[in-house]
Every structure is written in structure tokens, then in C-alpha cells.
Amino acid sequence: MAKKLLMGNEAFACAALEAGVGVVAGYPGTPSSEVIETVAARVADGSSTGVHVEWSTNEKAALEVLAGASYAGARTLFTCKQVGLNVASDALMSLNYVGVEGGCVLFVADDPGPISSQTEQDTRRFASFAKVPVLDPADIEQGMDMMKAAYEVSERYRTPVIVRPTTRVCHSSTFVDVAEKTDAAPAKGFEKDDARWVIFPARSHRGHLEVNERLAWIEAEFSGVRGSAFSGAHGAAASGFSFCGGMPRTVLDPGALLPAAAEDLAVCPPCDLSRFNPIDEHGGPEDVRIGIVCGGVSSAYAREALCRLEDESARRGETLPAYRFMQVGTPFPFPEARADAFLDGLERVMVLEELDSVIEDELVRLCGLRAAAGKPVVSVRGRRSWPHAAGENTVESVEAALGRALFEERLRAHGAGPDEVSARLAEFDRTKSAEAADRAAARPDVALPARPPVLCAGCPHRGAFYAAKRALKKMRLRGVFSGDIGCYTLGNAAPLDAVDTCLCMGAGITMAQGLGVVEPDVRQLAFVGDSTFFASGLTGVANAAYNGHDITICVLDNSTTAMTGGQPHPGTGRRLMGSQVEALSIEAALEALGVECIEHANPHRLDEGIAAVARAVEHRGVSAVVFRAPCVDLATPEPPVVIDADACTGCKKCITSIGCPAIGFDGFVATLDAALCVGCGLCASVCPFDVIQMPAAKS
């Protein structure tokens, strides 16, 4: 083992390799992309052997590749961001019913905020819906432990398992111990078993029962209920066990769990995984009446916030009220028995989690079961009672919430009645608001310049959008520009203002068809990147050709998956590990799918782009324009343009038309940031007075 400073995603990749993963696949998406890139780097340098790793065409393709590999006994790793799981969901829902052979872990990185996503959906909800176990790490070290445990759980119960870190865990860094060398675990090969691998309705019914049964076993592992629950792990059957003071639960029979599950459990018996749901108490000898329950990175925030509150109390000569703390690292299946023990003796619980009220809802449900069993009811407060129900938590927001809750607890501990508690809490809130206002007033009154996200200087997408707008203007036609997910989504910003819709990957092509049905006299242009074209655009093209929709598809081919870091795709002619293959042709795909009019243009050549769009729009039916020029990160910069400041009239057309960040304005004339300019020449085409020139033309 060697200690290294690693980003969370790098560490998680190393943990999977140490667990013996043999096949890795996914589709790039922040904040998950570095996992596959780390695996690829270790395979390339020989640190990890026996591993196949690839960027698949999309998330559905990736998970289906891994399902096949898992059926053959290999340990597999799937990676995506939260919205990528939507794409893979068709495969996942059936895969869970069928089950797996080799351990199958889905690394799904959630993006609260959202920071770089179109949604901030909570994968814990998806896991519950899909009935797939999910692990939610608070930090990198716990995440590495969870990655390894996930493979054991997956193989023990033949189920896919989700590991769900969030952006702040994925992209933080720390020193961790990693193996210098790793080898993929051996795979025994695929064994034909129609009763297991072929998902007919009867198999689905049996699979659903198996899913429910194994979830009860996994829940017991997460709670650490080893006694009666696991007593039959080495024998014929386990005795029944119950949670919540006698609430009945199913009798678990390993022989009925899955085909051959009883003998599997004898070899690899259920484990105590309650370490992922730790409980500890803080404070003096008095009775603990308040509990704090956290999930994911909010656990780390809460621990830091509590340290701050303890220091603040110490400065005042006070101590915090005693409290009980629990991290729920396995939100599904919820560790009901462990949470039930946690609630004993408590009166109030505060829940801190991102994003949805997943843990809060489970605790409220558990309190209902406790009440039915005659146990005291506990008051649960969480996301549902917070003033903000979206976005990330922070140490500061958690500190404010905990400070208020512990202040209330101190009042109650000293015998304050309901009216006094309400009045003192109102006073507390006013004091905190005043302190926040004082801090804000004490900050320097400096107005920072706005830095809106924009397309890079020299980005070929800028020319494509501008050419399309100019073409429609010359033709005196009204149009709608349906966008997509990628760098080119930034085309919606001023001054381009050229993206009217953006829903999800590939949707621009099909949404344009629906818009055209309702408004047939409006020209519908759909913009899609080259990577997205192969990932999720082909179906929409086929639908347009088959159903006779009148749209123009603008494929923005910049030879990479630029938005997520420049990963290869089927149209680049390069695989993840660097081997060269024949690139799949966008034009050939369009033609095969029934597109008869296919135009081409270099987006940096304005007249060429305008003419290509005009020809495509004039065509009735499905047409396409392939705008082809490499991403600025791939191209060698040309010498920067030259601006003749003496001749500049100050019309600002170069700025108000294309908005290139390399062009500025100083009082009355345009200026150039030569360090940003890549010499694409688009601004020279826009300038009506030939003030901006290419270097060769100037000389």
C-alpha cells in the first residue's frame, strides 16, 4: 500500500480495482467522469491488470455491457451522474429482477445545487423505486470502504448495488492508502440457465419476490442484527425476527432467497455492516432527549458545525445539551432496527440530508410503527420544515439549524413552557438575523464583476449559431432553435440568444418535431453535439424521417465530448485506451436514417455557414447541416487577429453579434485579448468596416 493524495473519484476508482473489478464502463458526466479516467490511467501504466475499461455510447449501453459481463461472473463497475441513471433505468429495472453473478456496482454521482446538471434529482429516491440497495458516503475514506463492501453485498445477494457520492465528496481530496498493483478477480464464465437469465413474466414475478426477500436480509446487515436474523445463515432456515417492538416482519429462508442462495450464504455469510450507520452520544450525564441524524456529506458538515457550536458555548462558559448522533450511510434499504434503537429515549430528532427528505420520511414512518407498537412518539424535523427545500447544505447552514435546535433543547431542559420557548426562539432568530446583517455590512463594499458562463474564445459553436440566425434573417423566416445538453447550451446567452429549448440529451431533435407539428409555418432547427448525436440523437433522427417531420438538424461536430473534459466517442476514431479505429460517420448515419439533404460548413467561415443553413432550411422534410471544426482545446491556435484601433468606429457589432470573450471595448474602440484569441477569424467576418483583419490580410 502507498499513501497518495487523491481526488474522491480517483480514490473510489482505486477501491473498485482493489475489490477486483474486471469490466468498467460508463458515459462521461460531471461529477463522475474521473472514475473511469483513473481506471484507464492505471490500466495504461500497468498498475491494474485484467481490466477492460471503455466509454460506452451512452449510459444504457454501458449498463447492458456490464450486465453481460456480470452474468459471466466478472466484477463490474458502472459510472454516470444522476441524470445518466435515467438513461440506464430501463436496463436497471430488469437487471434487478434477474439478478447478477459477478458483483455489479453502479457509481452514480449526484449533483446537489445543481452545479453542472439540468436537475438535482436524488438517487436515493431512485434506488428505493428500483429496489436497489444504495450506499451514501460522508467522505472519501468511507466511500472507499463502501465501494469494497458493495461488491460483497452484490455477490452475496446477486443484486446490483448503487454507491451514491455527491459532488463535494467526488471532488474533494485527501491522503488515502491505495494498492500499488491490482488484478481483476477471475470470472467463471457464463452458465446457461433459462430459468434465471431470461426475463419472462413468470420469471419477473419470482424475481420480484426474490428482490423483496433479499432486501430484508440486506436491511438486517445494515442494522447489524446478527442474532436471530442470521442464525440460519449456516443452516436450513433463519428464525423470524421483528423490529419496532414486535412489528411482524417476514420469516427469512435462505433456501428460498435465490437459486443456490443457501449454499452461497454458507460460504459467505451475512455481515454486520452497521459501521456505515454509526451512532454515538455526546454531552453530560443527563438524559439525552435530542437526536441528530445525517446522510452523506451532511454528516461531515454537521460534525464540523457541532465543533464550532461547542467552541462557541465554551467561550460563554456553557456546554451544549447532550445529544445523540447517527449517520445513515445506507438509506435504502433503511436500517430500521438500528434507527429504532437510536430513537429510544429521544423526544426530538433533527435530520440533515441532501436533497430530498428521504431519511426524514423513513424516520416519520418508523415513528408511526413505534406508536402502533405502544412506544413513545418522537418529533422529527428535517428538510420538509426548512425554509429552503432545494440546493446544497453547507457547514454554515447546518450550523445555523443545529444552533437553533440545541438552543431550543436547552430551553426545554430548563423547564421552559411552550409560550416561553416560542418567544425565546423568535428572539433568537432576530438576534441571528441582526448578526448576519452586521457581518454583511462589515464586508468591503466591492462590486465584483459578473462572470456569466460563455462559450470559449474561438469555440466553433459560436459561428454555427450565428450563421443559423443570419440565414433565417436573410430568408425572412421565423425559427425556433431547440438545443441540447453540452457546451453549446451556452448558446442561449446574450448576445447569441440562440437556444430556445433545452430538456435532456437528444431531446432537441424530437422536440423540434413536436414544435413543428403545432406551428408548421415556423422553421424548426435542432442543435446537437457530435457525442450526443451518437449517445441519444439517432432515435430522434429516425423518428423524424419515418414520420415525415420538417426539421433541420444542425450537428455541431467538434471532434470530442467537450463539456465533460474531452472524452472520445464513436465519431472520433479513438477509443478510451488510445487505440485508433475507423470513426463512425455522422453523414453516413444521417443518410442511413433517411435524411436526404445533408449540408456541410466550417462554422468559422460565416458565409459558408449561412449558405449551408439556407439550403437545408429550404429543403422540405428532414435536412441536416454538419458544422465541423475542432474544439479549441484540440486545435493549434492561429495567430490572433489584428484590430485597427484608429479605424474602429465603435459600432460594437463585434461584441453585440457574437460575444467572443477575446473581444472587449475600451471607451470608444474594440480591443483584443491576444492571449485568448485563437485566430478563428469569425469576428473579422462580422466587422462591417474591415477593422478586424487576419494577420496575413493586414500585412
# chains A, B, ... in the order shown; residues from 1 in each chain; ligands from 1

call {"tool": "closest_atom_pairs", "arguments": {"of": "stretch 480-561 of chain A", "to": "stretch 43-67 of chain A", "cutoff": "12 Å", "atoms": "only C-alpha atoms", "output": "tab-separated table"}}
result
residue	atom	partner	partner_atom	distance
A:Met505	CA	A:Asn58	CA	10.1
A:Gly506	CA	A:Asn58	CA	11.1
A:Asp530	CA	A:Thr57	CA	11.3
A:Ser531	CA	A:Thr57	CA	8.2
A:Thr532	CA	A:Asn58	CA	8.6
A:Phe533	CA	A:Thr57	CA	9.7
A:Phe534	CA	A:Thr57	CA	6.5
A:Ala535	CA	A:Asn58	CA	4.8
A:Ser536	CA	A:Asn58	CA	7.3
A:Gly537	CA	A:Asn58	CA	10.7
A:Leu538	CA	A:Thr57	CA	11.3
A:Thr561	CA	A:Trp55	CA	10.8

call {"tool": "write_last_selection", "arguments": {"atoms": "all heavy atoms", "output": "compact mmCIF listing (two decimals), in the first residue's frame"}}
result
# COMPACT_ATOMS: atom_id res chain seq x y z
N MET A 505 -30.64 15.07 -22.97
CA MET A 505 -29.79 14.68 -24.09
C MET A 505 -30.61 14.05 -25.23
O MET A 505 -31.35 13.10 -25.02
CB MET A 505 -28.70 13.71 -23.63
CG MET A 505 -27.64 14.39 -22.79
SD MET A 505 -26.22 13.34 -22.47
CE MET A 505 -25.53 13.17 -24.11
N GLY A 506 -30.43 14.62 -26.41
CA GLY A 506 -31.12 14.12 -27.60
C GLY A 506 -32.49 14.71 -27.82
O GLY A 506 -33.08 14.52 -28.90
N ASP A 530 -21.71 16.28 -31.47
CA ASP A 530 -21.33 15.02 -32.10
C ASP A 530 -21.41 13.85 -31.12
O ASP A 530 -21.89 12.77 -31.46
CB ASP A 530 -19.93 15.10 -32.72
CG ASP A 530 -18.91 15.76 -31.80
OD1 ASP A 530 -19.29 16.47 -30.87
OD2 ASP A 530 -17.70 15.57 -32.04
N SER A 531 -20.98 14.04 -29.88
CA SER A 531 -21.07 12.96 -28.89
C SER A 531 -22.53 12.66 -28.57
O SER A 531 -22.94 11.49 -28.52
CB SER A 531 -20.32 13.35 -27.62
OG SER A 531 -20.40 12.33 -26.65
N THR A 532 -23.33 13.69 -28.35
CA THR A 532 -24.75 13.50 -28.05
C THR A 532 -25.49 12.88 -29.23
O THR A 532 -26.43 12.11 -29.05
CB THR A 532 -25.39 14.83 -27.65
OG1 THR A 532 -24.69 15.38 -26.55
CG2 THR A 532 -26.85 14.65 -27.27
N PHE A 533 -25.06 13.19 -30.45
CA PHE A 533 -25.67 12.61 -31.64
C PHE A 533 -25.63 11.09 -31.56
O PHE A 533 -26.64 10.41 -31.80
CB PHE A 533 -24.95 13.10 -32.89
CG PHE A 533 -25.42 12.48 -34.18
CD1 PHE A 533 -26.57 12.94 -34.80
CD2 PHE A 533 -24.72 11.42 -34.76
CE1 PHE A 533 -27.01 12.37 -35.99
CE2 PHE A 533 -25.15 10.85 -35.94
CZ PHE A 533 -26.31 11.33 -36.56
N PHE A 534 -24.46 10.54 -31.20
CA PHE A 534 -24.35 9.09 -31.10
C PHE A 534 -24.98 8.56 -29.81
O PHE A 534 -25.50 7.46 -29.78
CB PHE A 534 -22.88 8.66 -31.17
CG PHE A 534 -22.28 8.82 -32.54
CD1 PHE A 534 -21.34 9.81 -32.79
CD2 PHE A 534 -22.66 8.00 -33.59
CE1 PHE A 534 -20.79 9.97 -34.06
CE2 PHE A 534 -22.12 8.15 -34.85
CZ PHE A 534 -21.18 9.14 -35.09
N ALA A 535 -24.93 9.35 -28.75
CA ALA A 535 -25.44 8.89 -27.46
C ALA A 535 -26.95 8.77 -27.45
O ALA A 535 -27.50 7.79 -26.93
CB ALA A 535 -24.98 9.82 -26.34
N SER A 536 -27.65 9.78 -28.01
CA SER A 536 -29.11 9.76 -27.88
C SER A 536 -29.83 10.51 -28.99
O SER A 536 -31.02 10.78 -28.86
CB SER A 536 -29.51 10.36 -26.53
OG SER A 536 -28.92 11.62 -26.34
N GLY A 537 -29.14 10.82 -30.07
CA GLY A 537 -29.78 11.55 -31.15
C GLY A 537 -30.31 10.69 -32.28
O GLY A 537 -31.20 11.12 -33.03
N LEU A 538 -29.79 9.48 -32.42
CA LEU A 538 -30.14 8.65 -33.58
C LEU A 538 -31.63 8.29 -33.61
O LEU A 538 -32.25 8.28 -34.68
CB LEU A 538 -29.29 7.38 -33.58
CG LEU A 538 -27.78 7.60 -33.69
CD1 LEU A 538 -27.03 6.28 -33.54
CD2 LEU A 538 -27.44 8.25 -35.02
N THR A 561 -16.03 15.04 -26.73
CA THR A 561 -17.08 15.29 -25.75
C THR A 561 -16.57 16.42 -24.87
O THR A 561 -16.02 16.21 -23.80
CB THR A 561 -17.36 14.02 -24.91
OG1 THR A 561 -17.50 12.90 -25.78
CG2 THR A 561 -18.62 14.19 -24.08

call {"tool": "select_by_dssp", "arguments": {"residues": "stretch 1-243 of chain A", "states": "strand (DSSP E or B)", "output": "ChimeraX atom specification"}}
result
/A:2-7,23-26,48-49,52-55,76-81,104-110,134-135,161-163,166,173-178,182-183,243

call {"tool": "atom_distance", "arguments": {"atom1": "atom CA of A:Ala413", "atom2": "atom CA of A:Gly345"}}
result
14.3 Å

call {"tool": "residues_around", "arguments": {"residues": "stretch 581-594 of chain A", "least_positions_apart": "2", "cutoff": "9 Å", "atoms": "only C-alpha atoms", "output": "list in words"}}
result
Asp530, Phe533, Phe534, Leu538, Val541, Ala542, Asn543, Ala544, Ala545, Tyr546, Val555, Asp557, His569, Pro570, Gly571, Thr572, Gly573, Arg574, Arg575, Ser579, Glu596, Cys597, Ile598, Val622, Ala624 and Val626 of chain A

call {"tool": "write_last_selection", "arguments": {"atoms": "N, CA and C atoms", "output": "short mmCIF file (atom, residue, chain, number, x, y, z; two decimals), in the first residue's frame"}}
result
data_model
loop_
_atom_site.label_atom_id
_atom_site.label_comp_id
_atom_site.auth_asym_id
_atom_site.auth_seq_id
_atom_site.Cartn_x
_atom_site.Cartn_y
_atom_site.Cartn_z
N ASP A 530 -21.71 16.28 -31.47
CA ASP A 530 -21.33 15.02 -32.10
C ASP A 530 -21.41 13.85 -31.12
N PHE A 533 -25.06 13.19 -30.45
CA PHE A 533 -25.67 12.61 -31.64
C PHE A 533 -25.63 11.09 -31.56
N PHE A 534 -24.46 10.54 -31.20
CA PHE A 534 -24.35 9.09 -31.10
C PHE A 534 -24.98 8.56 -29.81
N LEU A 538 -29.79 9.48 -32.42
CA LEU A 538 -30.14 8.65 -33.58
C LEU A 538 -31.63 8.29 -33.61
N VAL A 541 -33.65 11.17 -35.00
CA VAL A 541 -33.50 11.31 -36.46
C VAL A 541 -34.38 10.29 -37.17
N ALA A 542 -34.34 9.05 -36.70
CA ALA A 542 -35.17 8.01 -37.31
C ALA A 542 -36.65 8.37 -37.21
N ASN A 543 -37.06 8.90 -36.08
CA ASN A 543 -38.47 9.27 -35.91
C ASN A 543 -38.87 10.38 -36.87
N ALA A 544 -37.97 11.35 -37.06
CA ALA A 544 -38.27 12.45 -37.97
C ALA A 544 -38.43 11.96 -39.40
N ALA A 545 -37.52 11.08 -39.84
CA ALA A 545 -37.60 10.57 -41.20
C ALA A 545 -38.83 9.68 -41.39
N TYR A 546 -39.08 8.83 -40.43
CA TYR A 546 -40.20 7.89 -40.53
C TYR A 546 -41.55 8.61 -40.56
N VAL A 555 -25.76 19.48 -36.65
CA VAL A 555 -24.83 18.68 -35.85
C VAL A 555 -23.55 19.48 -35.65
N ASP A 557 -20.13 19.32 -34.76
CA ASP A 557 -19.08 18.31 -34.64
C ASP A 557 -17.75 18.98 -34.30
N HIS A 569 -15.50 9.59 -28.46
CA HIS A 569 -16.81 8.99 -28.71
C HIS A 569 -16.75 8.29 -30.06
N PRO A 570 -17.79 7.58 -30.49
CA PRO A 570 -17.69 6.78 -31.72
C PRO A 570 -17.32 7.57 -32.97
N GLY A 571 -17.55 8.88 -32.98
CA GLY A 571 -17.23 9.67 -34.16
C GLY A 571 -15.81 10.19 -34.20
N THR A 572 -15.01 9.93 -33.16
CA THR A 572 -13.65 10.47 -33.11
C THR A 572 -12.60 9.54 -33.70
N GLY A 573 -12.93 8.26 -33.84
CA GLY A 573 -11.92 7.31 -34.33
C GLY A 573 -10.88 6.96 -33.28
N ARG A 574 -11.19 7.21 -32.02
CA ARG A 574 -10.24 6.92 -30.93
C ARG A 574 -11.00 6.35 -29.75
N ARG A 575 -10.47 5.28 -29.18
CA ARG A 575 -11.08 4.68 -28.00
C ARG A 575 -10.44 5.24 -26.74
N SER A 579 -6.40 3.42 -28.61
CA SER A 579 -6.32 2.71 -29.89
C SER A 579 -7.15 3.43 -30.94
N GLU A 596 -32.17 13.04 -46.54
CA GLU A 596 -31.76 13.16 -47.93
C GLU A 596 -30.92 14.41 -48.20
N CYS A 597 -31.17 15.47 -47.44
CA CYS A 597 -30.43 16.72 -47.65
C CYS A 597 -29.43 16.90 -46.52
N ILE A 598 -28.14 16.76 -46.82
CA ILE A 598 -27.09 16.91 -45.81
C ILE A 598 -26.09 17.95 -46.31
N VAL A 622 -36.83 16.28 -43.62
CA VAL A 622 -35.68 16.27 -42.71
C VAL A 622 -34.43 16.66 -43.47
N ALA A 624 -30.18 18.33 -42.78
CA ALA A 624 -29.13 18.43 -41.76
C ALA A 624 -28.00 19.31 -42.26
N VAL A 626 -24.00 19.71 -41.10
CA VAL A 626 -22.90 19.26 -40.24
C VAL A 626 -21.88 20.39 -40.17
#

call {"tool": "residues_around", "arguments": {"residues": "stretch 612-615 of chain A", "least_positions_apart": "4", "cutoff": "7 Å", "atoms": "only C-alpha atoms", "output": "MDAnalysis selection string"}}
result
chainID A and resid 468 471 599:601 608 619 625

call {"tool": "write_last_selection", "arguments": {"atoms": "C-alpha atoms", "output": "mmCIF file, in the first residue's frame"}}
result
data_model
loop_
_atom_site.group_PDB
_atom_site.id
_atom_site.type_symbol
_atom_site.label_atom_id
_atom_site.label_comp_id
_atom_site.auth_asym_id
_atom_site.auth_seq_id
_atom_site.Cartn_x
_atom_site.Cartn_y
_atom_site.Cartn_z
ATOM 1 C CA ALA A 468 -28.133 29.942 -38.449
ATOM 2 C CA ALA A 471 -29.596 32.660 -42.539
ATOM 3 C CA GLU A 599 -25.072 20.132 -45.958
ATOM 4 C CA HIS A 600 -21.621 20.938 -44.577
ATOM 5 C CA ALA A 601 -19.944 24.059 -43.258
ATOM 6 C CA GLU A 608 -20.238 29.260 -45.856
ATOM 7 C CA HIS A 619 -35.492 21.594 -48.190
ATOM 8 C CA VAL A 625 -26.140 20.725 -41.573
#
